[in-house]
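Reproduced below: run-v6.cif, with mmCIF, C-alpha atoms, pLDDT in the B column; chains and numbers go by the auth columns.
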data_entry
loop_
_atom_site.group_PDB
_atom_site.id
_atom_site.type_symbol
_atom_site.label_atom_id
_atom_site.label_comp_id
_atom_site.label_asym_id
_atom_site.label_seq_id
_atom_site.Cartn_x
_atom_site.Cartn_y
_atom_site.Cartn_z
_atom_site.B_iso_or_equiv
_atom_site.auth_seq_id
_atom_site.auth_asym_id
ATOM 1 C CA MET A 1 9.221 14.208 -0.780 83.00 116 A
ATOM 2 C CA ALA A 2 6.461 16.712 0.058 83.00 117 A
ATOM 3 C CA ASP A 3 6.720 18.072 -3.486 86.00 118 A
ATOM 4 C CA LYS A 4 5.941 14.584 -4.857 88.00 119 A
ATOM 5 C CA VAL A 5 2.591 14.010 -3.116 92.00 120 A
ATOM 6 C CA GLY A 6 0.253 12.493 -5.711 92.00 121 A
ATOM 7 C CA ALA A 7 3.065 10.881 -7.723 93.00 122 A
ATOM 8 C CA ASN A 8 3.174 7.144 -8.436 95.00 123 A
ATOM 9 C CA PHE A 9 6.208 5.007 -7.624 95.00 124 A
ATOM 10 C CA ALA A 10 7.431 1.443 -8.005 95.00 125 A
ATOM 11 C CA ALA A 11 7.942 -0.121 -4.570 95.00 126 A
ATOM 12 C CA ARG A 12 8.374 -3.385 -2.693 96.00 127 A
ATOM 13 C CA ILE A 13 6.446 -4.512 0.358 95.00 128 A
ATOM 14 C CA SER A 14 8.934 -4.341 3.231 95.00 129 A
ATOM 15 C CA GLY A 15 6.600 -5.169 6.118 94.00 130 A
ATOM 16 C CA VAL A 16 3.279 -6.934 6.633 94.00 131 A
ATOM 17 C CA THR A 17 1.183 -6.488 9.782 90.00 132 A
ATOM 18 C CA ARG A 18 -2.443 -7.137 10.661 86.00 133 A
ATOM 19 C CA PHE A 19 -3.200 -3.409 10.311 82.00 134 A
ATOM 20 C CA GLY A 20 -1.488 -2.802 6.968 85.00 135 A
ATOM 21 C CA LEU A 21 1.640 -2.813 4.898 91.00 136 A
ATOM 22 C CA PHE A 22 4.943 -0.984 4.760 93.00 137 A
ATOM 23 C CA VAL A 23 6.647 -0.274 1.457 95.00 138 A
ATOM 24 C CA THR A 24 10.092 0.827 0.305 95.00 139 A
ATOM 25 C CA LEU A 25 10.464 2.797 -2.918 95.00 140 A
ATOM 26 C CA ALA A 26 12.664 1.287 -5.634 92.00 141 A
ATOM 27 C CA GLU A 27 13.844 4.743 -6.760 87.00 142 A
ATOM 28 C CA ASN A 28 15.361 6.052 -3.535 89.00 143 A
ATOM 29 C CA ALA A 29 14.811 3.446 -0.779 87.00 144 A
ATOM 30 C CA ARG A 30 12.474 5.777 1.159 86.00 145 A
ATOM 31 C CA ALA A 31 10.030 3.803 3.289 88.00 146 A
ATOM 32 C CA GLY A 32 6.545 4.456 4.609 88.00 147 A
ATOM 33 C CA SER A 33 3.231 2.921 5.581 88.00 148 A
ATOM 34 C CA ALA A 34 0.605 1.772 3.130 85.00 149 A
ATOM 35 C CA GLY A 35 -2.120 0.739 5.545 64.00 150 A
ATOM 36 C CA VAL A 36 -4.395 3.728 5.040 45.00 151 A
ATOM 37 C CA LEU A 37 -6.093 2.534 1.879 58.00 152 A
ATOM 38 C CA LEU A 38 -6.223 -0.988 0.552 67.00 153 A
ATOM 39 C CA PRO A 39 -8.819 -2.183 -1.956 66.00 154 A
ATOM 40 C CA ASP A 40 -12.216 -2.628 -0.281 76.00 155 A
ATOM 41 C CA ASP A 41 -12.247 -6.106 1.217 82.00 156 A
ATOM 42 C CA TYR A 42 -11.964 -8.043 4.470 86.00 157 A
ATOM 43 C CA TRP A 43 -8.199 -8.505 4.957 88.00 158 A
ATOM 44 C CA GLN A 44 -6.832 -11.554 6.748 92.00 159 A
ATOM 45 C CA HIS A 45 -3.277 -11.421 8.099 93.00 160 A
ATOM 46 C CA ASP A 46 -1.223 -14.605 7.732 95.00 161 A
ATOM 47 C CA GLU A 47 1.747 -14.100 10.052 95.00 162 A
ATOM 48 C CA GLY A 48 3.541 -17.269 8.954 95.00 163 A
ATOM 49 C CA GLU A 49 3.302 -16.386 5.266 95.00 164 A
ATOM 50 C CA GLN A 50 3.871 -12.665 5.915 96.00 165 A
ATOM 51 C CA SER A 51 0.828 -11.763 3.820 95.00 166 A
ATOM 52 C CA LEU A 52 -2.491 -9.932 3.813 92.00 167 A
ATOM 53 C CA ASN A 53 -5.181 -11.793 1.879 91.00 168 A
ATOM 54 C CA GLY A 54 -8.466 -10.369 0.636 89.00 169 A
ATOM 55 C CA ARG A 55 -11.340 -12.701 1.402 90.00 170 A
ATOM 56 C CA ARG A 56 -13.654 -11.373 -1.334 88.00 171 A
ATOM 57 C CA THR A 57 -11.211 -10.217 -4.027 84.00 172 A
ATOM 58 C CA ARG A 58 -8.628 -12.961 -3.412 88.00 173 A
ATOM 59 C CA ILE A 59 -5.920 -10.300 -3.789 88.00 174 A
ATOM 60 C CA SER A 60 -2.822 -11.144 -1.808 91.00 175 A
ATOM 61 C CA PHE A 61 -0.017 -8.848 -0.670 93.00 176 A
ATOM 62 C CA ARG A 62 3.210 -10.584 0.409 95.00 177 A
ATOM 63 C CA LEU A 63 6.531 -9.539 1.853 96.00 178 A
ATOM 64 C CA ALA A 64 8.961 -8.457 -0.937 96.00 179 A
ATOM 65 C CA GLN A 65 6.174 -8.254 -3.553 95.00 180 A
ATOM 66 C CA ALA A 66 6.576 -5.491 -6.148 95.00 181 A
ATOM 67 C CA VAL A 67 3.693 -2.982 -6.045 93.00 182 A
ATOM 68 C CA GLU A 68 2.751 0.367 -7.514 93.00 183 A
ATOM 69 C CA VAL A 69 2.014 3.063 -4.934 93.00 184 A
ATOM 70 C CA ARG A 70 0.919 6.693 -4.848 93.00 185 A
ATOM 71 C CA LEU A 71 2.405 9.058 -2.282 93.00 186 A
ATOM 72 C CA ALA A 72 -0.557 10.338 -0.252 92.00 187 A
ATOM 73 C CA GLU A 73 1.163 12.235 2.576 90.00 188 A
ATOM 74 C CA ALA A 74 4.664 13.442 3.356 90.00 189 A
ATOM 75 C CA SER A 75 5.463 15.113 6.672 89.00 190 A
ATOM 76 C CA PRO A 76 8.525 17.364 6.388 84.00 191 A
ATOM 77 C CA VAL A 77 8.776 17.605 10.196 85.00 192 A
ATOM 78 C CA THR A 78 8.832 13.871 10.982 86.00 193 A
ATOM 79 C CA GLY A 79 9.863 12.515 7.591 81.00 194 A
ATOM 80 C CA GLY A 80 6.828 10.206 7.699 90.00 195 A
ATOM 81 C CA LEU A 81 5.417 8.982 4.401 93.00 196 A
ATOM 82 C CA VAL A 82 2.004 7.444 3.698 91.00 197 A
ATOM 83 C CA PHE A 83 1.345 5.580 0.461 92.00 198 A
ATOM 84 C CA HIS A 84 -1.743 4.136 -1.202 89.00 199 A
ATOM 85 C CA ILE A 85 -1.300 0.809 -2.986 89.00 200 A
ATOM 86 C CA LEU A 86 -2.786 0.927 -6.477 89.00 201 A
ATOM 87 C CA GLN A 87 -3.001 -2.835 -7.135 79.00 202 A
ATOM 88 C CA GLY A 88 -6.542 -4.068 -6.871 67.00 203 A
ATOM 89 C CA LEU A 89 -8.150 -0.691 -7.566 57.00 204 A
ATOM 90 C CA ARG A 90 -10.287 -0.497 -10.664 53.00 205 A
ATOM 91 C CA PRO A 91 -8.569 1.627 -13.349 50.00 206 A
ATOM 92 C CA ALA A 92 -11.373 4.202 -13.125 45.00 207 A
ATOM 93 C CA ASN A 93 -10.679 4.648 -9.390 44.00 208 A
ATOM 94 C CA ARG A 94 -6.882 4.898 -9.625 44.00 209 A
ATOM 95 C CA GLY A 95 -7.024 8.567 -10.564 50.00 210 A
ATOM 96 C CA ASN A 96 -9.346 9.364 -7.666 48.00 211 A
ATOM 97 C CA VAL A 97 -7.040 8.111 -4.921 43.00 212 A
ATOM 98 C CA ARG A 98 -5.702 11.193 -3.171 43.00 213 A
ATOM 99 C CA GLY A 99 -4.012 11.977 0.100 41.00 214 A
ATOM 100 C CA ARG A 100 -6.230 12.883 3.020 36.00 215 A
#
Structure re-expressed in structure tokens:
Amino acid sequence: MADKVGANFAARISGVTRFGLFVTLAENARAGSAGVLLPDDYWQHDEGEQSLNGRRTRISFRLAQAVEVRLAEASPVTGGLVFHILQGLRPANRGNVRGR
């Protein structure tokens, strides 16, 4: 997947924690974290509902929700993948989201 860094993918949220989300790609079932970059907000974790809820934006991310993500990092050694969720970003900022 290292050759696909910067590409966008359809995914589903496969895990919700207080520090971020985990997603699984629809295309090939590869999974990774998506907690590095969420839209700017104060995020509240609801363990019972398995969701992260933005206090200011009122954006909500829930377990099994379909999302669009961009692959930010891919580690060939560990197989680790890091994604950025694109929902909630202003269209002008979507193109500026890059891996770190």
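Pairwise distance (atom CA of Gly169 of chain A, atom CA of Tyr157 of chain A) equals 5.7 Å.
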For atom CA of Ala179 of chain A and atom CA of Asp118 of chain A, quote the distance in Å rounded to one decimal. 26.7 Å
Go through the shown structure with the PyMOL selection byres ((chain A and resi 168) around 6) and write out the matching residues as a ChimeraX atom specification. /A:158-159,167,169,174-175
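Selection check: the PyMOL selection byres ((chain A and resi 126-141) around 7) on the shown file gives Phe124, Ala125, Glu142, Asn143, Ala144, Arg145, Ala146, Gly147, Ser148, Ala149, Gly150, His160, Gln165, Ser166, Arg177, Leu178, Ala179, Gln180, Ala181, Val182, Glu183 and Val184 of chain A.
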Could you list, as a short mmCIF file (atom, residue, chain, number, x, y, z; two decimals) with C-alpha atoms, in the coordinates of the input, every residue within 12 Å of Ser190 of chain A, counting only C-alpha atoms and ignoring same-chain residues fewer than 3 positions away?
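Saved result, selection26.cif, follows:
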data_model
loop_
_atom_site.label_atom_id
_atom_site.label_comp_id
_atom_site.auth_asym_id
_atom_site.auth_seq_id
_atom_site.Cartn_x
_atom_site.Cartn_y
_atom_site.Cartn_z
CA MET A 116 9.22 14.21 -0.78
CA ALA A 117 6.46 16.71 0.06
CA ASP A 118 6.72 18.07 -3.49
CA LYS A 119 5.94 14.58 -4.86
CA VAL A 120 2.59 14.01 -3.12
CA GLY A 147 6.54 4.46 4.61
CA LEU A 186 2.40 9.06 -2.28
CA ALA A 187 -0.56 10.34 -0.25
CA THR A 193 8.83 13.87 10.98
CA GLY A 194 9.86 12.52 7.59
CA GLY A 195 6.83 10.21 7.70
CA LEU A 196 5.42 8.98 4.40
CA VAL A 197 2.00 7.44 3.70
CA GLY A 214 -4.01 11.98 0.10
#
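Going from atom CA of Asp161 of chain A over to atom CA of Phe176 of chain A, you cover 10.3 Å.
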Once you add 3 Å to each side, what are the centre and edge lengths of the axis-aligned box holding all listed atoms of segment 138-151 of chain A? One decimal in Å, as lines of an AutoDock Vina configuration file, if you can.
center_x = 5.5
center_y = 2.9
center_z = -0.6
size_x = 25.8
size_y = 12.3
size_z = 18.3
